[in-house]
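Chemist: Got a structure here, written out as structure tokens. Questions coming.
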Amino acid sequence: YTHWRWACVWLTQWVFYGLPWLSWNDRQAVFFDFGARKFYLFGIVLWPQDFIYLALLLIICAYALFLLTTVAGRIWCGFACPQTVYTEIFMWIESKIEGTRSARMRLDMQPWSLSKAVRKSAKHVVWAAVALWTGFTFVGYFTPIRTLAAEAMIVALGPWQSFWILFYGFATYGNAGWMREQVCRYM
């Protein structure tokens with residue numbers, strides 16, 4: 001099932017990271033504009049009074065999840081849940097930088113050296129980069145992502161944008177890098 005899991009990782013990440021950059025009728029295809037109280041989903045504009053449709057969609061999705069889980073087992077948890085997906089990504093990064101599990105265990109037991117410090121630091125830098133890019137993309141669903149990117153390039157992000165990028169990035173880093181399966185078990 002590893003190939004199927006990685007196919008789901010790639011699919012979910014292409015959707016998550018790609019949707020904010022997709023244009024539709026000269027605007028962002030998926031955009032939740034809280035200031036104007038409009039949700040843009042491709043060609044559909046949802047207003048606050050259309051909340052009933054969102055509630056109906058969420059109910060349908062919940063029942064579909066229950067049905068899929070009953071018929072096929074832990075499909076959501078094992079293949080498409082963001083916790084699973086990001087844990088897979090972070091574990092892959094860890095294995096590429098520090099090696100297999102046995103190599104990581106040997107590395108952890110070694111005394112600190114320049115090689116060990118470089119490997120450990122590189123892993124955390126890459127984890128932080130992925131986590132911050134995830135936070136940036138998440139905020140891109142609520143702030144026009146091209147504007148957000150331009151502001152980020154000149155370090156002119158607003159306080160709320162900065163907060164949510166860092167918050168979501170920190171949550172991704174902590175949950176996928178450190179807590180991993182503990183999130184599923186205890187939360």
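Chain labels run A, B, ... following the order of the structure tokens; each chain numbers its residues from 1, and ligands are numbered from 1 in the order shown.
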For A:Thr134, work out the shell of residues within 9 Å, counting only C-alpha atoms and skipping chain neighbours fewer than 5 positions away, then give it as number ranges by chain.
Modeler: A: 16-17, 129, 139, 165, 168-169, 172
Chemist: Would you work out the distance separating atom CA of A:Asp50 from atom CA of A:Phe31, expressed in Å to one decimal?
Modeler: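 Interatomic distance here is 15.5 Å.
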Chemist: Go through A:Ala149, A:Ala156, A:Val9, A:Ala29 and flag the residue nearest A:Pro82, using only C-alpha atoms for the distances.
Modeler: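 For A:Pro82, the nearest of the given residues is A:Val9.
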Chemist: Using DSSP on the backbone coordinates, identify the residues of stretch 34-150 of chain A assigned to alpha helix (DSSP H); present them as a short mmCIF file (atom, residue, chain, number, x, y, z; two decimals) with C-alpha atoms, in the first residue's frame.
Modeler:
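Contents of the output file selection_33.cif:
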```
data_model
loop_
_atom_site.label_atom_id
_atom_site.label_comp_id
_atom_site.auth_asym_id
_atom_site.auth_seq_id
_atom_site.Cartn_x
_atom_site.Cartn_y
_atom_site.Cartn_z
CA PHE A 51 -24.21 28.83 4.63
CA ILE A 52 -26.91 26.15 4.46
CA TYR A 53 -25.25 24.79 1.30
CA LEU A 54 -21.89 24.60 3.06
CA ALA A 55 -23.50 22.83 6.01
CA LEU A 56 -25.19 20.39 3.62
CA LEU A 57 -21.88 19.77 1.83
CA LEU A 58 -20.12 19.09 5.14
CA ILE A 59 -22.86 16.68 6.21
CA ILE A 60 -22.58 14.81 2.90
CA CYS A 61 -18.79 14.66 3.29
CA ALA A 62 -19.13 13.31 6.84
CA TYR A 63 -21.55 10.59 5.73
CA ALA A 64 -19.29 9.75 2.78
CA LEU A 65 -16.36 9.41 5.20
CA PHE A 66 -18.39 7.15 7.48
CA LEU A 67 -19.53 5.02 4.52
CA LEU A 68 -16.04 4.80 3.03
CA THR A 69 -14.56 3.84 6.40
CA THR A 70 -17.23 1.17 6.91
CA VAL A 71 -16.71 -0.32 3.45
CA ALA A 72 -12.95 0.08 3.00
CA ILE A 75 -8.82 4.85 4.04
CA PRO A 82 -3.37 15.76 6.55
CA GLN A 83 -1.65 14.38 9.66
CA THR A 84 -0.75 11.19 7.80
CA VAL A 85 0.28 13.06 4.66
CA TYR A 86 2.58 15.53 6.40
CA THR A 87 4.03 12.84 8.67
CA GLU A 88 4.91 10.84 5.55
CA ILE A 89 6.55 13.89 3.99
CA PHE A 90 8.53 14.74 7.14
CA MET A 91 9.62 11.11 7.64
CA TRP A 92 10.75 10.97 4.01
CA ILE A 93 12.82 14.14 4.50
CA GLU A 94 14.29 12.67 7.68
CA SER A 95 15.25 9.43 5.92
CA LYS A 96 16.86 11.29 3.02
CA ILE A 97 18.98 13.48 5.31
CA GLU A 98 19.73 11.20 8.29
CA ARG A 101 15.82 4.16 11.08
CA SER A 102 18.84 2.14 12.23
CA ALA A 103 21.21 4.80 10.85
CA ARG A 104 19.25 7.50 12.71
CA MET A 105 19.42 5.53 15.93
CA ARG A 106 23.20 5.14 15.53
CA LEU A 107 23.48 8.85 14.76
CA ASP A 108 21.50 9.72 17.90
CA MET A 109 23.83 7.61 20.05
CA LEU A 114 30.21 18.60 13.01
CA SER A 115 28.69 15.92 10.77
CA LYS A 116 25.93 15.14 13.26
CA ALA A 117 25.16 18.84 13.82
CA VAL A 118 25.00 19.48 10.06
CA ARG A 119 22.64 16.54 9.47
CA LYS A 120 20.35 17.41 12.37
CA SER A 121 20.32 21.10 11.44
CA ALA A 122 19.66 20.37 7.76
CA LYS A 123 16.70 18.17 8.66
CA HIS A 124 15.15 20.87 10.83
CA VAL A 125 15.79 23.61 8.26
CA VAL A 126 14.04 21.58 5.56
CA TRP A 127 11.20 20.72 7.95
CA ALA A 128 10.81 24.41 8.82
CA ALA A 129 10.82 25.38 5.14
CA VAL A 130 8.07 22.86 4.32
CA ALA A 131 6.08 23.93 7.39
CA LEU A 132 6.35 27.65 6.54
CA TRP A 133 5.42 27.00 2.91
CA THR A 134 2.39 25.08 4.18
CA GLY A 135 1.44 28.00 6.44
CA PHE A 136 1.96 30.44 3.58
CA THR A 137 -0.28 28.37 1.30
CA PHE A 138 -2.95 28.09 3.99
CA VAL A 139 -3.05 31.87 4.41
CA ILE A 145 -1.88 34.58 -2.79
CA ARG A 146 -0.15 36.67 -5.44
CA THR A 147 -0.46 39.74 -3.21
CA LEU A 148 0.70 37.66 -0.26
CA ALA A 149 3.74 36.46 -2.22
CA ALA A 150 4.63 40.01 -3.26
#
```
